[in-house]
Amino acid sequence: MAAGDSRCALDTYRSPLASRYASPEMCFMFSDKNKFRTWRQLWLWLAEAEQALGLAITDEQIQEMKSNLDNIDFKMAAEEEKKLRHDVMAHVHTFGHCCPKAAGIIHLGATSCYVGDNTDLIILRNAFDLLLPKLARVISRLADFAKNHANLPTLGFTHYQPAQLTTVGKRCCLWIQDLCMDLQNLTRIRNDLRFRGVKGTTGTQASFLQLFEGDHDKVDQLDKMVTEKAGFKRAFIITGQTYTRKVDIEVLSVLASLGASVHKICTDIRLLANLKEMEEPFEKQQIGSSAMPYKRNPMRSERCCSLARHLMGLVMDPLQTASVQWFERTLDDSANRRICLAEAFLTADTILNTLQNISEGLVVYPKVIERRIRQELPFMATENIIMAMVKAGGSRQDCHEKIRVLSQQAATVVKQEGGDNDLIERIQGDAYFSPIHSQLEHLLDPSSFTGRAVQQVQRFLEEEVYPLLKPYASVMEVKVELSL
């Protein structure tokens with residue numbers, strides 16, 4: 001809703017990301033209040049640096065600006081913008097109205113992108129700072145889950161067909177590994193962000209060179225001082241009117257990649273819920289279906305998948321925007337960026353909050369898992385049975401034929417009669433296999449089919465996951481309460 005709009009929230013469209021899903025802290029990050037307050041902070045930093053470098057700006061003017069950073073008349077700003085058709089000048093006038101002594105030096109030498117682009121970069125950096133601990137907490141919760149279930153055998157699936165056994169904890173480590181890559185990528189892009197700085201209308205700093213009467217050193221100092229005040233270690237040396245829009249591509253690319261990871265994880269959880277092997281949290285009074293009262297739908301995982309698709313698709317916006325920026329700048333980036341940057345972070349925030357809630361309450365049903373293993377393991381154990389018979393003096397080829405015939409008979413019972421897999425009972429009832437009857441229980445122990453899964457989980461957590469989470473130790477205990 002535009003600043004100053006008095007319409008009731010129920011009378012007009014609001015993005016569900018803000019009204020329904022995203023956290024208050026992320027919604028504030030992209031709010032008008034935070035945006036325009038940051039504009040004023042940037043004007044103050046510019047004035048302070050210009051004064052320090054010798055321009056005729058008084059302490060009284062600086063103090064007046066400081067005192068009015070939060071005194072924003074949004075109604076006046078909206079009226080000014082409607083009249084001027086220029087959002088930055090509308091806020092220059094609004095700031096000047098409450099700072100009459102400083103009005104003449106606000107925005108001195110700057111162009112609109114001084115406040116617009118630099119604010120965007122500050123917000124992107126700070127939004128990453130909100131996401132990173134949330135992602136770390138999800139990884140931590142899943143790491144606890146993987147550790148607790150590292151020894152629990154489960155049927156593996158390739159092509160969504162039964163495959164060799166793995167463990168519940170090892171499968172979870174597949175999810176964790178993707179999220180660890182996302183944590184590293186988000187951290188890298190966050191730390192690589194550079195400030196646009198003080199560059200002027202086409203990036204040449206000509207206006208500031210004129211202000212400082214041709215003193216190149218002072219222009220360099222000005223750029224460095226404002227960059228440091230904004231908390232950045234580096235600024236771009238080269239810009240047009242804007243910072244290169246490839247930055248937006250990089251930012252949304254890592255968020256889209258996070259979306260892909262979350263979609264895969266939550267799809268797996270949804271499939272496991274169908275198999276009744278695992279479920280997301282289901283609250284006591286939660287309703288799964290308005291028509292079918294017995295249902296326990298994985299609605300949180302479905303929400304994550306739904307929003308992750310949106311997040312993955314948003315990367316197309318900055319790709320296309322960067323490709324059509326003519327020369328030093330065109331304004332067809334502006335409206336698009338107002339939407340896609342905020343929506344990407346609000347969406348990422350929502351899916352991480354939701355995934356943390358899911359990962360803190362995952363329920364595993366070992367008996368269901370065990371039953372499914374019993375249905376498939378006899379077929380998987382046939383090679384071990386053949387090897388045991390050979391060791392007991394039998395012929396590999398004779399044994400193979402016996403197993404083939406019995407396996408097909410058991411498969412007929414399963415597929416055509418809907419019965420249980422009775423291959424082992426058939427082997428126990430066949431005198432040919434009497435030399436190994438006493439070994440069958442050992443040969444069918446599920447833990448003997450999981451390879452090095454347990455050791456892999458332990459090594460992965462100790463060598464890769466826990467070290468990555470160390471910087472976030474102080475925020476690991478934060479809980480998430482979903483409003484919906």
# chains A, B, ... in the order shown; residues from 1 in each chain; ligands from 1
>>> select_by_dssp(residues="region 277-416 of chain A", states="alpha helix (DSSP H)", output="ChimeraX atom specification")
/A:299-314,316-323,334-360,366-380,382-391,396-416
>>> residues_around(residues="Ser447 (chain A)", least_positions_apart="4", cutoff="12 Å", atoms="only C-alpha atoms", output="short mmCIF file (atom, residue, chain, number, x, y, z; two decimals) with C-alpha atoms, in the first residue's frame")
data_model
loop_
_atom_site.label_atom_id
_atom_site.label_comp_id
_atom_site.auth_asym_id
_atom_site.auth_seq_id
_atom_site.Cartn_x
_atom_site.Cartn_y
_atom_site.Cartn_z
CA ALA A 150 21.94 -42.87 12.03
CA ASN A 151 21.52 -46.57 12.91
CA LEU A 152 17.90 -47.04 11.80
CA PRO A 153 17.86 -49.05 8.55
CA THR A 154 15.33 -48.04 5.93
CA LEU A 155 14.56 -49.00 2.38
CA GLN A 164 19.55 -51.12 -1.34
CA LEU A 165 19.00 -50.23 2.27
CA THR A 166 20.29 -47.01 3.73
CA THR A 167 19.51 -45.48 7.14
CA VAL A 168 17.06 -42.76 8.09
CA GLU A 370 10.65 -52.47 9.45
CA ILE A 373 12.04 -53.78 4.77
CA LEU A 377 14.73 -57.57 1.95
CA GLU A 441 18.38 -64.71 10.61
CA HIS A 442 21.92 -63.35 10.42
CA LEU A 443 21.81 -63.13 6.62
CA GLY A 451 27.16 -50.52 4.28
CA ARG A 452 29.06 -47.63 5.86
CA ALA A 453 26.00 -45.43 6.32
CA VAL A 454 26.46 -45.08 10.09
#
>>> closest_residue(among="A:Met26, A:Glu462, A:Ser15, A:Gly104", to="Ile62 (chain A)", atoms="only C-alpha atoms")
A:Gly104
>>> closest_residue(among="A:Leu440, A:Leu352, A:Pro366, A:Gly96", to="Gln428 (chain A)", atoms="only C-alpha atoms")
A:Leu440
>>> atom_distance(atom1="CA of Val219 (chain A)", atom2="CA of Lys35 (chain A)")
26.1 Å
>>> residues_around(residues="Asp59 (chain A)", least_positions_apart="5", cutoff="9 Å", atoms="only C-alpha atoms", output="ChimeraX atom specification")
/A:48,51,64
>>> write_last_selection(atoms="all heavy atoms", output="PDB file, in the first residue's frame")
ATOM      1  N   GLU A  48      27.854  14.489   6.731  1.00  0.00           N
ATOM      2  CA  GLU A  48      28.936  14.401   7.713  1.00  0.00           C
ATOM      3  C   GLU A  48      30.294  14.287   7.027  1.00  0.00           C
ATOM      4  O   GLU A  48      31.271  14.949   7.422  1.00  0.00           O
ATOM      5  CB  GLU A  48      28.726  13.205   8.636  1.00  0.00           C
ATOM      6  CG  GLU A  48      27.586  13.367   9.631  1.00  0.00           C
ATOM      7  CD  GLU A  48      27.348  12.114  10.451  1.00  0.00           C
ATOM      8  OE1 GLU A  48      27.669  10.998   9.955  1.00  0.00           O
ATOM      9  OE2 GLU A  48      26.818  12.231  11.571  1.00  0.00           O
ATOM     10  N   GLN A  51      31.169  17.573   5.264  1.00  0.00           N
ATOM     11  CA  GLN A  51      31.623  18.566   6.260  1.00  0.00           C
ATOM     12  C   GLN A  51      33.049  18.279   6.704  1.00  0.00           C
ATOM     13  O   GLN A  51      33.887  19.188   6.778  1.00  0.00           O
ATOM     14  CB  GLN A  51      30.692  18.544   7.472  1.00  0.00           C
ATOM     15  CG  GLN A  51      31.072  19.581   8.538  1.00  0.00           C
ATOM     16  CD  GLN A  51      30.430  19.295   9.892  1.00  0.00           C
ATOM     17  OE1 GLN A  51      30.427  18.150  10.346  1.00  0.00           O
ATOM     18  NE2 GLN A  51      29.914  20.326  10.535  1.00  0.00           N
ATOM     19  N   GLU A  64      20.454  18.817  13.195  1.00  0.00           N
ATOM     20  CA  GLU A  64      19.051  18.869  12.792  1.00  0.00           C
ATOM     21  C   GLU A  64      18.676  17.616  12.001  1.00  0.00           C
ATOM     22  O   GLU A  64      17.595  17.041  12.196  1.00  0.00           O
ATOM     23  CB  GLU A  64      18.810  20.124  11.954  1.00  0.00           C
ATOM     24  CG  GLU A  64      17.333  20.374  11.655  1.00  0.00           C
ATOM     25  CD  GLU A  64      17.131  21.644  10.847  1.00  0.00           C
ATOM     26  OE1 GLU A  64      17.827  21.787   9.801  1.00  0.00           O
ATOM     27  OE2 GLU A  64      16.296  22.474  11.237  1.00  0.00           O
TER      28      GLU A  64
END
